[in-house]
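Worksheet: one structure, shown below.
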Amino acid sequence: MIGRKNTGQASPLFLVLLALTFCFVTYNLVTAIIQYGSVGREVGHDSYNHLSTDPIIEMPEKVKRKKTKSPFHVALTATDAPYSKWQCRIMYYWYKKKKNLPQSEMGGFTRILHSGKPDNLMDEIPTMVVDPLPAGMDRGYIVLNRPWAFVQWLEKATIEGEYILMAEPDHIFVNPLPNLSDGGYPAAFPFFYIKPDQNHKILRKFFPEEYGPVNNIDPIGNSPVIIRKDLIEKIAPTWMNISLKMKEDPEADKIFGWVLEMYAYAVASALHGVQHVLRKDFMLQPPWDLAIGRKFIIHYTYGCDYNLKGELTYGKIGEWRFDKRSHLRGPPPKNIPLPPRGVPESVITLVKMVNEATANLPNWEAT
């Protein structure tokens, strides 16, 4: 009988199926290694409808998706300068518009005002006033006040929720923002110009060898970051101290320049053993990022300059331009003209969102 003939040995059909299954699994494993092996801790949308795997957790993003909401408190550091105030008003306007939409996990909001005194936006934006650094300590680099502001806020404020989003005035919420972090792994945006592996010698002054290789330092700044409150409470004092030490070090000050405080946050996190899930979909930066897609924040730090043909003229003032630095002493005008035909979606959306906010915010010209 067939049953007796095959007792103790596999049928040829079974062996063929087993071989095909093994080949299929091997192919997928090799493909996964090739696809993700060089990504590090990055995760995000590699196409509009596909989510990549997070190599830290080694699970598909859809498997990690939390079943219950984890609201985060939005914390925005700011000064009382007109340049900061008009950006804060636009940012808060869009926070309110997106906060209660589906998929959003935005909770409360605090503008941490490190001027040491109240300003005229106290009734419009939830604000806590903290002290600036002692006179002269920032050496003209006002961003050094940011970590000190967070230290004070975390010590003094009653903060609802377990998570915090560290944000900046020039952020606009373009899509409802969920909590992108994963427990002990905060979520951060990877900046192409933060390069720990290319600054090994300098970083060793602040990140000793006993803490591991320099590439343990994530290529990030402090914003945008969604992080558990207990983690940032540990990191913030170290972040402040490292920032001051870097500013006092002539070599670090020269090399890191305006991103010094960003490096300091990355180093402080690594010193505490905190690694971040790197989310490319966290933010887009016009004019370099062209489409909105499913990204969450527009960061308008770069000037957008175009000729009337819709061609980018970066580094040269365009016939059409939008640059936040053109409005250091006061707010931009209402109803900024839209850019020429051919300009990317990201820039058009930015201008439309600025225009909507300025049209609806009271006393805009007096900001």
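Residues in the structure tokens are named by chain (A, B, ... in the order shown) and by number from 1 within that chain; ligands are numbered from 1 in the order shown.
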
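Excluding A:Phe322 itself and same-chain residues fewer than 2 positions from it, the residues having an atom within 8 Å of it are A:Gly303, A:Cys304, A:Asp305, A:Trp320, A:Lys324, A:Ser326, A:Val351, counting only C-alpha atoms.
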
Residues of stretch 163-208 of chain A within 9 Å of stretch 212-236 of chain A: nearest atom pair and distance (Å, one decimal) for each, counting only C-alpha atoms, sorted by chain and number, as JSON lines?
```
{"residue": "A:Tyr163", "atom": "CA", "partner": "A:Arg228", "partner_atom": "CA", "distance": 4.3}
{"residue": "A:Ile164", "atom": "CA", "partner": "A:Ile227", "partner_atom": "CA", "distance": 5.4}
{"residue": "A:Leu165", "atom": "CA", "partner": "A:Ile226", "partner_atom": "CA", "distance": 4.3}
{"residue": "A:Met166", "atom": "CA", "partner": "A:Ser223", "partner_atom": "CA", "distance": 5.3}
{"residue": "A:Ala167", "atom": "CA", "partner": "A:Pro224", "partner_atom": "CA", "distance": 5.3}
{"residue": "A:Glu168", "atom": "CA", "partner": "A:Ser223", "partner_atom": "CA", "distance": 6.9}
{"residue": "A:His171", "atom": "CA", "partner": "A:Pro224", "partner_atom": "CA", "distance": 8.9}
{"residue": "A:Asn179", "atom": "CA", "partner": "A:Ile226", "partner_atom": "CA", "distance": 7.0}
{"residue": "A:Leu180", "atom": "CA", "partner": "A:Ile226", "partner_atom": "CA", "distance": 6.9}
{"residue": "A:Ser181", "atom": "CA", "partner": "A:Ile226", "partner_atom": "CA", "distance": 6.0}
{"residue": "A:Asp182", "atom": "CA", "partner": "A:Ile227", "partner_atom": "CA", "distance": 8.8}
{"residue": "A:Gly183", "atom": "CA", "partner": "A:Arg228", "partner_atom": "CA", "distance": 7.1}
{"residue": "A:Gly184", "atom": "CA", "partner": "A:Arg228", "partner_atom": "CA", "distance": 7.1}
{"residue": "A:Tyr185", "atom": "CA", "partner": "A:Ile227", "partner_atom": "CA", "distance": 7.6}
{"residue": "A:Pro186", "atom": "CA", "partner": "A:Ile227", "partner_atom": "CA", "distance": 4.5}
{"residue": "A:Ala187", "atom": "CA", "partner": "A:Ile226", "partner_atom": "CA", "distance": 5.2}
{"residue": "A:Ala188", "atom": "CA", "partner": "A:Val225", "partner_atom": "CA", "distance": 4.5}
{"residue": "A:Phe189", "atom": "CA", "partner": "A:Ile220", "partner_atom": "CA", "distance": 6.2}
{"residue": "A:Pro190", "atom": "CA", "partner": "A:Ile220", "partner_atom": "CA", "distance": 5.1}
{"residue": "A:Phe191", "atom": "CA", "partner": "A:Ile220", "partner_atom": "CA", "distance": 5.6}
{"residue": "A:Phe192", "atom": "CA", "partner": "A:Pro219", "partner_atom": "CA", "distance": 7.4}
{"residue": "A:Tyr193", "atom": "CA", "partner": "A:Pro219", "partner_atom": "CA", "distance": 7.9}
{"residue": "A:Ile194", "atom": "CA", "partner": "A:Pro219", "partner_atom": "CA", "distance": 4.9}
{"residue": "A:Lys195", "atom": "CA", "partner": "A:Pro219", "partner_atom": "CA", "distance": 5.9}
{"residue": "A:Pro196", "atom": "CA", "partner": "A:Asn215", "partner_atom": "CA", "distance": 6.2}
{"residue": "A:Asp197", "atom": "CA", "partner": "A:Asn215", "partner_atom": "CA", "distance": 5.8}
{"residue": "A:Asn199", "atom": "CA", "partner": "A:Val214", "partner_atom": "CA", "distance": 8.6}
{"residue": "A:His200", "atom": "CA", "partner": "A:Val214", "partner_atom": "CA", "distance": 6.3}
{"residue": "A:Leu203", "atom": "CA", "partner": "A:Val214", "partner_atom": "CA", "distance": 7.4}
{"residue": "A:Arg204", "atom": "CA", "partner": "A:Val214", "partner_atom": "CA", "distance": 7.5}
{"residue": "A:Phe207", "atom": "CA", "partner": "A:Val214", "partner_atom": "CA", "distance": 7.4}
{"residue": "A:Pro208", "atom": "CA", "partner": "A:Gly212", "partner_atom": "CA", "distance": 7.7}
```

### Task
Can you work out the spacing between atom CA of A:Leu328 and atom CA of A:Ser115 in Å, to one decimal?
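Computed distance, atom CA of A:Leu328 to atom CA of A:Ser115, equals 17.0 Å.
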
### Message
Here is a test: counting only C-alpha atoms, which residue of A:Glu105, A:Asp323, A:Glu162, A:Asp80 is nearest to A:Met122?
### Response
A:Asp80

### Message
as a PyMOL selection string, please: the residues near stretch 131-135 of chain A (cut-off 9 Å, only C-alpha atoms, same-chain neighbours under 6 positions excluded).
### Response
chain A and resi 113-117+144-146+148-149+152

Write a file of the selected residues as a PDB file, in the first residue's frame, keeping all heavy atoms.
```pdb
ATOM      1  N   LEU A 113       7.764  80.533  27.458  1.00  0.00           N
ATOM      2  CA  LEU A 113       8.286  81.857  27.097  1.00  0.00           C
ATOM      3  C   LEU A 113       9.511  82.167  27.957  1.00  0.00           C
ATOM      4  O   LEU A 113       9.393  82.480  29.142  1.00  0.00           O
ATOM      5  CB  LEU A 113       7.194  82.899  27.302  1.00  0.00           C
ATOM      6  CG  LEU A 113       7.522  84.343  26.933  1.00  0.00           C
ATOM      7  CD1 LEU A 113       7.850  84.476  25.448  1.00  0.00           C
ATOM      8  CD2 LEU A 113       6.345  85.252  27.302  1.00  0.00           C
ATOM      9  N   HIS A 114      10.698  82.076  27.351  1.00  0.00           N
ATOM     10  CA  HIS A 114      11.923  82.262  28.135  1.00  0.00           C
ATOM     11  C   HIS A 114      12.460  83.696  28.051  1.00  0.00           C
ATOM     12  O   HIS A 114      13.655  83.938  27.895  1.00  0.00           O
ATOM     13  CB  HIS A 114      13.006  81.241  27.754  1.00  0.00           C
ATOM     14  CG  HIS A 114      13.310  81.129  26.287  1.00  0.00           C
ATOM     15  ND1 HIS A 114      14.105  82.019  25.613  1.00  0.00           N
ATOM     16  CD2 HIS A 114      12.946  80.192  25.386  1.00  0.00           C
ATOM     17  CE1 HIS A 114      14.232  81.639  24.354  1.00  0.00           C
ATOM     18  NE2 HIS A 114      13.532  80.531  24.180  1.00  0.00           N
ATOM     19  N   SER A 115      11.546  84.643  28.212  1.00  0.00           N
ATOM     20  CA  SER A 115      11.931  86.058  28.252  1.00  0.00           C
ATOM     21  C   SER A 115      11.982  86.584  29.679  1.00  0.00           C
ATOM     22  O   SER A 115      12.481  87.679  29.926  1.00  0.00           O
ATOM     23  CB  SER A 115      10.918  86.887  27.452  1.00  0.00           C
ATOM     24  OG  SER A 115       9.630  86.763  28.037  1.00  0.00           O
ATOM     25  N   GLY A 116      11.407  85.821  30.606  1.00  0.00           N
ATOM     26  CA  GLY A 116      11.392  86.242  32.007  1.00  0.00           C
ATOM     27  C   GLY A 116      10.242  87.146  32.378  1.00  0.00           C
ATOM     28  O   GLY A 116      10.082  87.500  33.545  1.00  0.00           O
ATOM     29  N   LYS A 117       9.403  87.505  31.394  1.00  0.00           N
ATOM     30  CA  LYS A 117       8.257  88.392  31.687  1.00  0.00           C
ATOM     31  C   LYS A 117       7.134  88.109  30.712  1.00  0.00           C
ATOM     32  O   LYS A 117       7.372  87.654  29.576  1.00  0.00           O
ATOM     33  CB  LYS A 117       8.680  89.855  31.607  1.00  0.00           C
ATOM     34  CG  LYS A 117       9.211  90.294  30.256  1.00  0.00           C
ATOM     35  CD  LYS A 117       9.671  91.724  30.278  1.00  0.00           C
ATOM     36  CE  LYS A 117      10.131  92.232  28.912  1.00  0.00           C
ATOM     37  NZ  LYS A 117      11.257  91.470  28.369  1.00  0.00           N
ATOM     38  N   LEU A 144      20.482  78.706  23.114  1.00  0.00           N
ATOM     39  CA  LEU A 144      20.941  78.073  24.352  1.00  0.00           C
ATOM     40  C   LEU A 144      19.902  78.175  25.460  1.00  0.00           C
ATOM     41  O   LEU A 144      19.940  77.410  26.430  1.00  0.00           O
ATOM     42  CB  LEU A 144      22.254  78.706  24.827  1.00  0.00           C
ATOM     43  CG  LEU A 144      23.556  78.252  24.165  1.00  0.00           C
ATOM     44  CD1 LEU A 144      24.742  78.915  24.847  1.00  0.00           C
ATOM     45  CD2 LEU A 144      23.702  76.740  24.197  1.00  0.00           C
ATOM     46  N   ASN A 145      18.984  79.112  25.330  1.00  0.00           N
ATOM     47  CA  ASN A 145      17.922  79.246  26.331  1.00  0.00           C
ATOM     48  C   ASN A 145      16.904  78.107  26.260  1.00  0.00           C
ATOM     49  O   ASN A 145      16.151  77.895  27.208  1.00  0.00           O
ATOM     50  CB  ASN A 145      17.203  80.583  26.159  1.00  0.00           C
ATOM     51  CG  ASN A 145      18.038  81.747  26.644  1.00  0.00           C
ATOM     52  OD1 ASN A 145      18.087  82.044  27.837  1.00  0.00           O
ATOM     53  ND2 ASN A 145      18.711  82.408  25.714  1.00  0.00           N
ATOM     54  N   ARG A 146      16.866  77.386  25.144  1.00  0.00           N
ATOM     55  CA  ARG A 146      15.845  76.346  24.976  1.00  0.00           C
ATOM     56  C   ARG A 146      15.976  75.227  26.005  1.00  0.00           C
ATOM     57  O   ARG A 146      14.991  74.898  26.691  1.00  0.00           O
ATOM     58  CB  ARG A 146      15.896  75.802  23.545  1.00  0.00           C
ATOM     59  CG  ARG A 146      14.825  74.770  23.252  1.00  0.00           C
ATOM     60  CD  ARG A 146      14.869  74.347  21.809  1.00  0.00           C
ATOM     61  NE  ARG A 146      14.516  75.437  20.920  1.00  0.00           N
ATOM     62  CZ  ARG A 146      14.916  75.553  19.664  1.00  0.00           C
ATOM     63  NH1 ARG A 146      15.709  74.655  19.140  1.00  0.00           N
ATOM     64  NH2 ARG A 146      14.531  76.576  18.936  1.00  0.00           N
ATOM     65  N   TRP A 148      17.455  75.230  28.881  1.00  0.00           N
ATOM     66  CA  TRP A 148      17.237  75.814  30.205  1.00  0.00           C
ATOM     67  C   TRP A 148      15.746  76.065  30.431  1.00  0.00           C
ATOM     68  O   TRP A 148      15.211  75.841  31.527  1.00  0.00           O
ATOM     69  CB  TRP A 148      18.042  77.098  30.339  1.00  0.00           C
ATOM     70  CG  TRP A 148      17.837  77.934  31.575  1.00  0.00           C
ATOM     71  CD1 TRP A 148      17.693  79.290  31.610  1.00  0.00           C
ATOM     72  CD2 TRP A 148      17.782  77.509  32.944  1.00  0.00           C
ATOM     73  NE1 TRP A 148      17.543  79.734  32.891  1.00  0.00           N
ATOM     74  CE2 TRP A 148      17.597  78.657  33.745  1.00  0.00           C
ATOM     75  CE3 TRP A 148      17.858  76.266  33.571  1.00  0.00           C
ATOM     76  CZ2 TRP A 148      17.480  78.613  35.129  1.00  0.00           C
ATOM     77  CZ3 TRP A 148      17.750  76.211  34.951  1.00  0.00           C
ATOM     78  CH2 TRP A 148      17.567  77.369  35.729  1.00  0.00           C
ATOM     79  N   ALA A 149      15.040  76.482  29.379  1.00  0.00           N
ATOM     80  CA  ALA A 149      13.595  76.689  29.484  1.00  0.00           C
ATOM     81  C   ALA A 149      12.885  75.374  29.780  1.00  0.00           C
ATOM     82  O   ALA A 149      11.965  75.321  30.620  1.00  0.00           O
ATOM     83  CB  ALA A 149      13.071  77.301  28.186  1.00  0.00           C
ATOM     84  N   GLN A 152      13.327  74.283  33.476  1.00  0.00           N
ATOM     85  CA  GLN A 152      12.451  75.022  34.390  1.00  0.00           C
ATOM     86  C   GLN A 152      10.995  74.574  34.264  1.00  0.00           C
ATOM     87  O   GLN A 152      10.293  74.385  35.263  1.00  0.00           O
ATOM     88  CB  GLN A 152      12.558  76.522  34.111  1.00  0.00           C
ATOM     89  CG  GLN A 152      13.927  77.112  34.397  1.00  0.00           C
ATOM     90  CD  GLN A 152      13.991  78.566  33.963  1.00  0.00           C
ATOM     91  OE1 GLN A 152      13.542  79.475  34.674  1.00  0.00           O
ATOM     92  NE2 GLN A 152      14.538  78.810  32.777  1.00  0.00           N
TER      93      GLN A 152
END
```
